[in-house]
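*Asks:* Sharing a structure below in structure tokens format, with a few things to ask.
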Amino acid sequence: MTYVELLTQPRLDDAYYHSANASRVYGCYLGDSQNYPADREAVAAALAVAPWVQESARINRAFQVQSYTWARDAGVRQFLDLGCGWPHHPVLYDVLDRKFPVVYVDHDPGVTAHLSTELDQGDATTVIRADIAPMRRFLISAPMRTAIDLDHPVAVILGDVLPWWPDGTVVRQAMSELRAWMPGGSILAITHLTGDFTPGSVAALVDTYAEHGLTVRPRPREEIAELFGDFAQQASGLCATGQWYPGGPYASSPPEDSAAFAGIAVKPTDSRRSA
């Protein structure tokens, strides 16, 4: 396993442990033990106004596993998990039977430190601590040039990442740069919080998170669809996360439980890749 730091700011400080953290809050919903009182307080407050939020996290996690499986079965042999968060079982690398290169990326120092010790040192994996908001600068960095072979398709997974980028201009620019970088035949999987299904409780959740220092921005289906550019949507298309995979464990769950859209799309093979 290769571990790389692309951020220079202090890795951990008192604020890290005493403020709610998006990655740890998500982990709380999934039963993770890597959390602190501020995280648990934020979770309790969120559940009080949006009781579906824990189920939504579970549905999102199941879709991430399905995304890896779908891309593997489609023939992709390298994976990039942007905003990977805390490792949860099954660790996504295990879904691939430890056969293919995986690059995990997160800006959270606790996440990347945990990944660097949790993963088998013999794995063909790379863990990068980086901010992906300046997307192009990240993509052309030396660790990425080493880890990803752009002569072959890559599967890029963004599971519950983009809602934590409130600036729509930054998100659109970053996604445009990401799509341009991906070789033809590559796969893009996205899940994104939305208020389309339950606008009242999602708005209450946004406000509650803000009270705990967490900024999240749900987006409507139209905005989420634009993040895929001209990539071709697969299977069920862009739909409620639990319903994307007909044979999945949450296929019968109502859209309100997902509170998010999910899509898996493929870049046309005749598309040119920009450096």
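In the structure tokens, chains take the letters A, B, ... in the order shown, each chain's residues start at 1, and ligands count up from 1 in the order shown.
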With only C-alpha atoms as the counted atoms, please give the residues lying no more than 8 Å from range 198-213 of chain A, apart from itself and same-chain residues fewer than 6 positions off, as number ranges by chain.
*Replies:* A: 19-20, 38, 42, 45-46, 49-50, 256, 259
*Asks:* Give me the residues within 8 Å of Gly85 in chain A as number ranges by chain, counting only C-alpha atoms and dropping any in the same chain fewer than 6 places off.
*Replies:* A: 23, 106, 108, 111
*Asks:* Can I get the selected residues back with all heavy atoms, as a short mmCIF file (atom, residue, chain, number, x, y, z; two decimals), in the first residue's frame?
*Replies:*
data_model
loop_
_atom_site.label_atom_id
_atom_site.label_comp_id
_atom_site.auth_asym_id
_atom_site.auth_seq_id
_atom_site.Cartn_x
_atom_site.Cartn_y
_atom_site.Cartn_z
N SER A 23 -17.48 13.03 8.04
CA SER A 23 -17.13 11.62 7.85
C SER A 23 -17.50 10.78 9.07
O SER A 23 -18.00 9.67 8.95
CB SER A 23 -15.62 11.48 7.58
OG SER A 23 -15.27 12.09 6.36
N ASP A 106 -9.26 11.21 0.50
CA ASP A 106 -10.07 11.97 1.43
C ASP A 106 -9.21 13.09 2.00
O ASP A 106 -7.97 12.96 2.07
CB ASP A 106 -10.60 11.09 2.57
CG ASP A 106 -11.93 11.60 3.12
OD1 ASP A 106 -11.93 12.68 3.75
OD2 ASP A 106 -12.96 10.93 2.92
N ASP A 108 -9.82 14.27 5.07
CA ASP A 108 -9.91 14.11 6.52
C ASP A 108 -8.69 13.33 7.03
O ASP A 108 -8.48 12.18 6.64
CB ASP A 108 -11.20 13.36 6.87
CG ASP A 108 -11.45 13.27 8.36
OD1 ASP A 108 -10.49 12.99 9.11
OD2 ASP A 108 -12.60 13.47 8.79
N VAL A 111 -9.47 9.94 8.64
CA VAL A 111 -9.86 8.92 7.67
C VAL A 111 -8.63 8.30 7.02
O VAL A 111 -8.47 7.07 6.98
CB VAL A 111 -10.78 9.52 6.59
CG1 VAL A 111 -10.91 8.56 5.40
CG2 VAL A 111 -12.15 9.83 7.16
#
*Asks:* Considering only alpha helix (DSSP H) as DSSP defines it on the backbone, what residues of range 195-253 of chain A qualify? List them as a list in words.
*Replies:*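 For range 195-253 of chain A, the alpha helix (DSSP H) set is Pro199, Gly200, Ser201, Val202, Ala203, Ala204, Leu205, Val206, Asp207, Thr208, Tyr209, Ala210, Glu211, Arg221, Glu222, Glu223, Ile224, Ala225 and Glu226 of chain A.
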*Asks:* Write the residues of the selection above to a file with C-alpha atoms, as a PDB file, in the first residue's frame.
*Replies:*
ATOM      1  CA  PRO A 199     -38.346  18.892   1.071  1.00  0.00           C
ATOM      2  CA  GLY A 200     -39.494  19.794   4.583  1.00  0.00           C
ATOM      3  CA  SER A 201     -37.437  17.288   6.541  1.00  0.00           C
ATOM      4  CA  VAL A 202     -34.386  17.724   4.292  1.00  0.00           C
ATOM      5  CA  ALA A 203     -34.500  21.477   4.916  1.00  0.00           C
ATOM      6  CA  ALA A 204     -34.739  20.781   8.653  1.00  0.00           C
ATOM      7  CA  LEU A 205     -31.752  18.434   8.386  1.00  0.00           C
ATOM      8  CA  VAL A 206     -29.701  21.104   6.601  1.00  0.00           C
ATOM      9  CA  ASP A 207     -30.509  23.609   9.351  1.00  0.00           C
ATOM     10  CA  THR A 208     -29.712  21.100  12.094  1.00  0.00           C
ATOM     11  CA  TYR A 209     -26.371  20.248  10.568  1.00  0.00           C
ATOM     12  CA  ALA A 210     -25.577  23.967  10.301  1.00  0.00           C
ATOM     13  CA  GLU A 211     -26.242  24.338  14.025  1.00  0.00           C
ATOM     14  CA  ARG A 221     -32.472  16.060  -9.849  1.00  0.00           C
ATOM     15  CA  GLU A 222     -31.761  18.470 -12.717  1.00  0.00           C
ATOM     16  CA  GLU A 223     -28.568  19.758 -11.090  1.00  0.00           C
ATOM     17  CA  ILE A 224     -27.406  16.276 -10.191  1.00  0.00           C
ATOM     18  CA  ALA A 225     -27.994  15.050 -13.746  1.00  0.00           C
ATOM     19  CA  GLU A 226     -25.740  17.837 -15.056  1.00  0.00           C
TER      20      GLU A 226
END
*Asks:* Restricting the calculation to only C-alpha atoms: of A:Gly263, A:Gly195, A:Gly110, A:Gly248, which residue gets closest to Gly159 in chain A?
*Replies:* A:Gly263
*Asks:* So, with only C-alpha atoms as the atoms that count, which of A:Leu92, A:Ile59, A:Ala124, A:Ala232 lies closest to Ala262 in chain A?
*Replies:*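 Smallest distance to Ala262 in chain A is found for A:Ile59.
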*Asks:* Fewer than 3 positions away in the same chain doesn't count, so skip those; otherwise give me all residues within 7 Å of Leu82 in chain A, counting only C-alpha atoms, as a list in words.
*Replies:*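 In the requested form, the answer reads Tyr104, Val105, Asp106, Ile157 and Leu158 of chain A.
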*Asks:* Mind dumping the selected residues with C-alpha atoms as a PDB file, in the first residue's frame?
*Replies:*
ATOM      1  CA  TYR A 104      -8.776   6.054  -1.826  1.00  0.00           C
ATOM      2  CA  VAL A 105      -8.860   9.843  -1.453  1.00  0.00           C
ATOM      3  CA  ASP A 106     -10.071  11.972   1.433  1.00  0.00           C
ATOM      4  CA  ILE A 157     -17.048   6.760  -7.164  1.00  0.00           C
ATOM      5  CA  LEU A 158     -18.357   9.850  -5.374  1.00  0.00           C
TER       6      LEU A 158
END
*Asks:* Hey, can you check how far CA of Asp94 in chain A sits from CA of Thr69 in chain A?
*Replies:*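 If I compute the distance from CA of Asp94 in chain A to CA of Thr69 in chain A, I get 10.5 Å.
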*Asks:* What's around Leu7 in chain A at 8 Å? Count only C-alpha atoms, leave out sequence neighbours fewer than 3 positions away in its own chain, and write the answer as a PyMOL selection string.
*Replies:* chain A and resi 107+129-131
*Asks:* Could you state the separation of CA of Ala235 in chain A and CA of Met135 in chain A in Å, given to one decimal place?
*Replies:*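 About the pair CA of Ala235 in chain A and CA of Met135 in chain A: they are 27.9 Å apart.
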*Asks:* Write out as a list of chain:residue names the residues lying within 12 Å of Val171 in chain A, counting only C-alpha atoms and excluding same-chain residues fewer than 5 positions away.
*Replies:*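 Final neighbour list, sorted by chain and number: A:Ile132, A:Ala133, A:Pro134, A:Met135, A:Val161, A:Leu162, A:Pro163, A:Trp164, A:Trp165, A:Pro166, A:Ser176, A:Glu177, A:Leu178, A:Arg217, A:Arg219, A:Glu223, A:Ile224, A:Glu226, A:Leu227, A:Phe228.
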*Asks:* Would you mind telling me which residue in A:Ser258, A:Gln64, A:Thr126, A:Ser252 lies nearest to Ile190 in chain A when using only C-alpha atoms?
*Replies:* A:Gln64
